[in-house]
Every structure is written in structure tokens, then in C-alpha cells.
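Visitor: I have a structure I would like to understand better, so I am pasting it below and will then ask my questions one at a time.
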Amino acid sequence: MAKKEFQAESKRLLEMMINSIYTQKEIFLRELISNASDAIDKIYYKALTDDSLTFDQDNYYIKISADKESRTLTITDTGIGMTQEELENNLGVIAKSGSLAFKNENELKDGHDIIGQFGVGFYSSFMVADVVTVVSRALGSETAFKWQSEGADGYTIEATDKETIGTEITLQLKENTEDENYDDYLQEYKLKEIIKKYSDFIRYPIKMDISVQKPKDGEENEFIEEVEEQTVNSMVPIWRKNKSELTDEDYENFYQEKHYGFDKPLKHIHITVDGMLRYNAILYIPENMPFDYYSKEYEKGLELYSSGVLIMNKCADLLPDHFSFVKGMVDSEDLSLNISRELLQHDRQLKQIAKNIKNKIKSELQKLMKDDREKYEKFYSAFGRQLKYGVYSDFGANKEDLQDLLMFHSSKEKKLITFDEYVSNMPEDQKYIYYATGESNERIEKLPQTEVVLDKGYEILYFTEDIDEFAIKMLMKYKDKEFKSVSSGDLGFEEENKEETKKEQDENKELFDEMKNILSGKVTDVRVSKRLKNHPVCLATEGEVSIEMEKILQAMPDNNQNVKADKVLEVNINHDVFRSLKEAYSNDKDKLSLYTNLLFNQALLIEGLPIQDPVEFTNDICKIMN
Ligand code: ADP
Ligand code: MG
């Protein structure tokens, strides 16, 4: 029979499975059982929503049977089955197409990462089997089909007979090696152990033929061995169990079984609500950021069940965007099975559940911050940015909810602190919450504008992400304290020597006016600086747009308004350079122009802004060297 080829990406994945040295090969059983359970879910769901079908609970099960003689393991289910097309399309193609493209060759080598990251499902059977045979008959179909593959070079498919609807997957186990005893997967106790570990909560019975010793009739101390069909799993879904019965490992296994993430979850949240509103939920905060998290491909959402039946894979309405990293499921008796996506959006119960969940996530994160700061920081480094987006988006509708979850690096503490911590450490006379923006903590530390604020003994929060300043503009205040950039024109100090500043400004008015002229269109003003000590000049801003925001807006692909910050050139009149400026003003106007342009360009460089004409700048430097 002619072999058909696998799609290129599938082939690659298969090769990886076949050669895998992944240590937890036993998970193949979890994958096959999970597929079987999904297939029964589908037929169950159909029966519930289609009157022409009936669903008799007793007829639906998964069966695992081992044949030691032929060294085969068979997984049978009474689920919805697959048509010929479905066999070809579902088993020859990777569902999460494109996922391999992200990995480099090294990571691909042992497949460890892939197996963990993408939950390769059906293909994992090739970790333990040389030959995989799938016989399936789809609901509503008279004929069955047999799909068979010995690995990466392809598969065959042909018509066959099967009496009942459902799927039967037979694995011809690999030969034992020094490292791996594949015969383990034929042992009753081993199979039971694996099923208990990973699939205990599957809602349908997982049956096995177990040999038991029975007392022989009439004879004492004599037994005969009999084979008895037993259900191995407890069938109680994990979310219906009591929290006290469950261990961290149970939650982790569920997370992995469901492919919610490739990592170990950082935290799980088990919610049981009974009363006017009834639902169970198990939510997870992942430890790591999914590779596509900040891309358009990422889809938020929770699995939604109605009385134990899965009705939606990713219900987006259950999660606000700012908590889109949360994974997990919700089961409610109050939701109708037949509800359409459109109706669901407006469902009052669902809205209530979503609100509940949102509050719960928030309070759990707050608790984590309080009880385990290190863990919280780990979480924050992965998803903090999303929280800041949350503050900023929807016109700040969620800012109150989120402000206490934010943290920024502190100039004083040299670590991340919260606004609350900042405010409670403020000296009496401090009016504002000060922040400085820049590419990194190191760069911010060197900003001349920070000097005077630090001299006052005030703490500065470092903003190093694009979103930071936008989020803060939306927040405006925290506990009645306004936020203020160290680069803002007015730092808001009690002006001790207002008079003096005014005098200095007046004394140098003509010089500053001349400089302003020279820089016309580039700055809105030239002023005496009160914040500089070691630097001759710096830039301050007036108005809504800061220099950092200008950078971000300029970098945006659809930037066509050319938004610019209103910049003020501040001059340190105690600096030697200022004397040169004054001299040039009195004696040599060309020189004044040269110096002014140079100083302005220097200020731009310190801020990390581009110089308009770099060639002119270097020529200017050469001029003063001559
Ligand atoms: P996933 O379960 O994530 O979709 P798998 O590789 O585990 O990925 O399975 C691929 C697809 O093959 C499933 O989505 C399903 O359509 C089909 N499939 C696998 N096993 C069965 C089964 N026992 N019965 C019916 N369909 C199945
Ligand atoms: Mg699967």
C-alpha cells in the first residue's frame, strides 16, 4: 500500500519523538487518555444538544489493555471517532502549527522542551512505540478506517471493519534498551500508577482488566486467579474535590495534562463558590511568559464547562486583559449547554463569575506580594508589563484595581518597591512622587536631572519600560500625591531662593534670548538651572509630552503627527562653561552660536535623543579643537 507523507513540520516533530531521550515518556498515556476523553466529550455534548441522539453513561468509557505476548498496548474509547479525512488531517498535522519555528536546533535535539512546551499530544506515542495503529469509526459512519505509521517516513490508511463507534489505538512497544524498559508499560501496576497520577479526574471510567485472586469454592487457602474489569480512576474532576484532599503535585499535574503551560505554575487558585452563584474554578499563574505572550497570536481565556461538560476552550469574557496571563478553567451548573458565543457574552451569570474571578486574582496577587515577595517579583518580571498596560488602557478604568500591584526600582532601596512603600517613606516636606525615565537603571542613575532631587533626600522611581510613563500619566496620583518627572520644568520644591533665581534669570536675559534665537524651533526656552551641579546643561520639559514619550511616539510605525516634547534648555550658571558663553556673547557671536548648538546637542545625547545633524556636530567639535 502506498505510503503518504507527513507534512514537513509534523515529520520533524515525529523524528524528535522517536529519538527522544525525554525522561518522562509515561506521559504518552496521559495524552492518549486525554484525547479519548475529549472524543467522548464530543459525543456527549452532541447527545445533549441533539434530541435524535441519546447518551447512556454506561456505554461510554476508555479501556486500557496490555498484551504481554505481542508487547502491545491498546487504548480504546467509545468517543466520536474519526472519518478518513479526520484521521489524515488530525494525525498528520501539528495543531499548533508554527510552534517549532521558534526553537533553535539545540533545543530541538532531545525534544525535551517541545514536549513540555507544546504538549505534543498524539505524537508522544512514538516515544514508546515503533508502530502505531489507529482504527476509528466516526459517529454516523458505516465504515471504519485504519491509520498506521512506523514513524517519520509516512503512514498508510485503508478501510476496515469496526463494530462500534469510537477509536482504538494500538502501540507496538519499542524494544527494551539499557536505559528504558518499555515492558513497564505492559505491567498492570505501572499502568494503574500512571493513570492515577495523571488521569484520575477524567470524567469517564478508565477500565482495565485486572487479575485478582479469588478464594476457590469450598477450599480453604486455595485461590484461583480471575480477570476482572475494574475502573482505575476516581472520575471526580479535580475542581470538584476538596482543596484539603489535593496536593501541589495534583494541581501541577492537572496544569500539565491540560497543556495550560509548559512550566510549573507559579501559583494555583482553587475557587469554590456556592450560593446565588455556583461555580468551581481552578486558575493558574504561570511562572514564565508564554513565547507568544506579547504578540497578536496570544489568545486569552479560560476553559468553560457547564456541569462538567466542556463548552468552550477559550472563553475570553472570563478574563480582563490585564490578567490575560491567567490559565485555567471554570465549571458552572448555571450555564446552559446550548448557549451560543454571542449570547454568552451577555450572560448575567457569566459576567458575575468574571467579576468574581477578577477580584480573586487581584487579592491572590496582593497576598503573594505580601507573603512571598521573591515569588511575586518573579511573577512581576514576567507579567508586570501587562499590569501597566492594564492601568493605561480603557481610559484608566482599572487603575484603582491595579495600582497596588505595580512596582518600580527605587533609587534609595536599589530594588523594586510599591507606591505604598514609596509614599510611607516620604519625608514631611516632600509633595510629589518623583520618577525618572531612561533605558536602564544604570542610565537613569547618570542623568543630571536626578542630582538635585536626590540631594533633597527624596527617593526616585526608575521607569525603564515604554509603557511606564503612559501608565503613570493615567494614574496621575497615588494617595493624593501627584507624580512628577525629575525632568519637568517645575520640580515643585519649596522655593527657598525664588528671588535669587529670578535675579539670575533677569541678569542673563539678553544672553538667554540670544541662545533661544539660535535654537529657534528646537527649544521653547532657555533658563537658569537649579538642578544641575556637575553638568553645564540639561533638558527639561513643559507640557504633557515628556522626552521619553516623544521617543516612544517617534518610534511607532504609524507616527505621522510628529509629536514632540516642549524642551527647555537649562543652563548651569555656576559652571565654567557658562563663563565661556558669556564671553562669546560679548565678543564673538559666531562662537556663541557654535557653543549653544554644541551644548544643545550634548543635552540631546544625554537624554538618548538623536542629533539632527551629526556631521555638523562633529564639525563643530573640530572647530573648537582648532
Ligand atoms: P490535541 O488533543 O491538542 O488537539 P492531539 O495531537 O492530542 O492534539 O490530537 C490531535 C487531534 O486528533 C485531536 O484534536 C482530535 O481531533 C484527534 N484525535 C486524537 N485522538 C482521538 C480519539 N481518540 N478520538 C477522536 N479523535 C481523536
Ligand atoms: Mg490531545
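Lettering and numbering for the C-alpha cells are positional, with chains as A, B, ... in the shown order, residues counted from 1 in each chain, and ligands counted from 1 in the shown order.
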Excluding Leu302 (chain A) and its own-chain neighbours fewer than 3 positions away, which residues fall within 7 Å of it when counting only C-alpha atoms? Please give them as a list in words.

Guide: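 Near neighbours after the sequence-gap exclusion: Asn313, Lys314, Cys315, Ala316, Leu318, Lys327, Gly328, Met329 and Val330 of chain A.
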
Visitor: Residues near region 536-544 of chain A, anyone? I mean within 6 Å using only C-alpha atoms, not counting same-chain ones fewer than 3 positions away, as a PyMOL selection string.

Guide: chain A and resi 487-489+566-572+575+603

Visitor: List every residue of region 574-615 of chain A that DSSP, applied to the backbone, labels as alpha helix (DSSP H), and write the result as number ranges by chain.

Guide: A: 576-587, 589-607, 614-615

Visitor: Applying 8 Å and only C-alpha atoms, which residues near region 272-284 of chain A remain after dropping the ones on its own chain fewer than 5 positions away? List them as a PyMOL selection string.

Guide: chain A and resi 239-240+255+265-267+326-334+349+352-353

Visitor: Neighbouring residues of ligand 2 are defined here as those with any atom at most 7 Å from a ligand atom, counting only C-alpha atoms and all ligand atoms; list them as a list in words.

Guide: Glu31, Leu32, Ser34, Asn35, Gly121 and Phe122 of chain A

Visitor: If I take CA of Lys378 (chain A) and CA of Ile552 (chain A), how far is one from the other in Å, to one decimal?

Guide: 26.4 Å

Visitor: Collect all residues with atoms no farther than 7 Å from ligand 1, counting only C-alpha atoms and all ligand atoms, and output them as a PyMOL selection string.

Guide: chain A and resi 31-32+35-36+39+77+79-82+90-91+94-95+120-123+166-167

Visitor: Could you write those residues out with C-alpha atoms, as a compact mmCIF listing (two decimals), in the first residue's frame?

Guide:
# COMPACT_ATOMS: atom_id res chain seq x y z
CA GLU A 31 -2.06 12.27 26.12
CA LEU A 32 -3.95 9.35 24.63
CA ASN A 35 -7.76 12.59 23.57
CA ALA A 36 -10.12 9.70 24.30
CA ALA A 39 -13.70 12.38 21.96
CA ASP A 77 -12.59 4.71 23.55
CA GLY A 79 -15.95 8.57 21.65
CA ILE A 80 -16.99 10.32 18.48
CA GLY A 81 -14.39 8.61 16.27
CA MET A 82 -12.68 9.95 13.16
CA ASN A 90 -5.73 15.42 12.66
CA LEU A 91 -2.97 12.88 12.94
CA ILE A 94 0.51 19.59 14.18
CA ALA A 95 -2.33 21.52 15.67
CA VAL A 120 2.60 17.29 21.52
CA GLY A 121 -0.38 15.07 22.14
CA PHE A 122 -0.90 12.09 19.91
CA TYR A 123 2.66 12.08 18.58
CA GLY A 166 -15.07 5.04 18.57
CA THR A 167 -11.33 4.72 18.33

Visitor: Leaving out Glu439 (chain A) and any residue of its chain fewer than 6 positions from it, which residues lie within 10 Å of it when counting only C-alpha atoms, given as a ChimeraX atom specification?

Guide: /A:462-466,548,607-608

Visitor: How close does each residue of region 227-319 of chain A get to region 201-208 of chain A, giving the shortest atom pair and distance in Å to one decimal for every residue with an atom at most 10 Å away, counting only C-alpha atoms, sorted by chain and residue number, as a tab-separated table?

Guide:
residue	atom	partner	partner_atom	distance
A:Val227	CA	A:Met208	CA	9.6
A:Glu228	CA	A:Met208	CA	8.2
A:Glu229	CA	A:Met208	CA	5.6
A:Gln230	CA	A:Lys207	CA	5.4
A:Thr231	CA	A:Lys207	CA	4.4
A:Val232	CA	A:Ile206	CA	5.8
A:Asn233	CA	A:Ile206	CA	6.0
A:Ser234	CA	A:Phe201	CA	6.2
A:Met235	CA	A:Arg203	CA	4.6
A:Val236	CA	A:Phe201	CA	4.9
A:Pro237	CA	A:Phe201	CA	4.3
A:Ile238	CA	A:Phe201	CA	5.6
A:Trp239	CA	A:Phe201	CA	8.9
A:Arg240	CA	A:Phe201	CA	9.3
A:Lys241	CA	A:Phe201	CA	9.3
A:Phe254	CA	A:Phe201	CA	8.9
A:Gly308	CA	A:Arg203	CA	8.0
A:Val309	CA	A:Arg203	CA	9.2

Visitor: To test your reading of the structure, identify every residue in region 121-235 of chain A that backbone DSSP assigns to strand (DSSP E), and report it as an NGL selection string.

Guide: :A and (129-137 or 144-149 or 155-160 or 166-173 or 206-215 or 223-231)

Visitor: What's around region 67-76 of chain A at 9 Å? Count only C-alpha atoms, leave out sequence neighbours fewer than 2 positions away in its own chain, and write the answer as a PyMOL selection string.

Guide: chain A and resi 29+32-33+36+61-65+78+129+166-174+183+185-187

Visitor: How far is it from CA of Thr164 (chain A) to CA of Asp50 (chain A), in Å with one decimal?

Guide: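 Taking CA of Thr164 (chain A) as the start and CA of Asp50 (chain A) as the end point, the length is 19.9 Å.
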
Visitor: Given only C-alpha atoms as the basis, pick out the residue of A:Glu86, A:Glu5, A:Ile195, A:Lys11 nearest to Glu26 (chain A).

Guide: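 Ranking A:Glu86, A:Glu5, A:Ile195, A:Lys11 by distance to Glu26 (chain A), first place goes to A:Ile195.
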
Visitor: Which residue is closest to Lys551 (chain A)? Choose from A:Gln430, A:Thr437, A:Ser363, A:Gln403 and count only C-alpha atoms.

Guide: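 Closest to Lys551 (chain A), using only C-alpha atoms: A:Thr437.
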
Visitor: Show which residues sit within 8 Å of Leu598 (chain A), as number ranges by chain. Count only C-alpha atoms, and ignore same-chain residues fewer than 2 positions away.

Guide: A: 594-596, 600-602, 617, 620-621

Visitor: Nearest to Leu87 (chain A): which of A:Ser136, A:Thr54, A:Thr49, A:Asn59 is it, counting only C-alpha atoms?

Guide: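 Smallest separation from Leu87 (chain A) among the options: A:Ser136.
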
Visitor: Return the single residue from A:Ala66, A:Val577, A:Val134, A:Leu335 that is closest to Lys190 (chain A), with distances computed using only C-alpha atoms.

Guide: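 Counting only C-alpha atoms, the residue closest to Lys190 (chain A) is A:Ala66.
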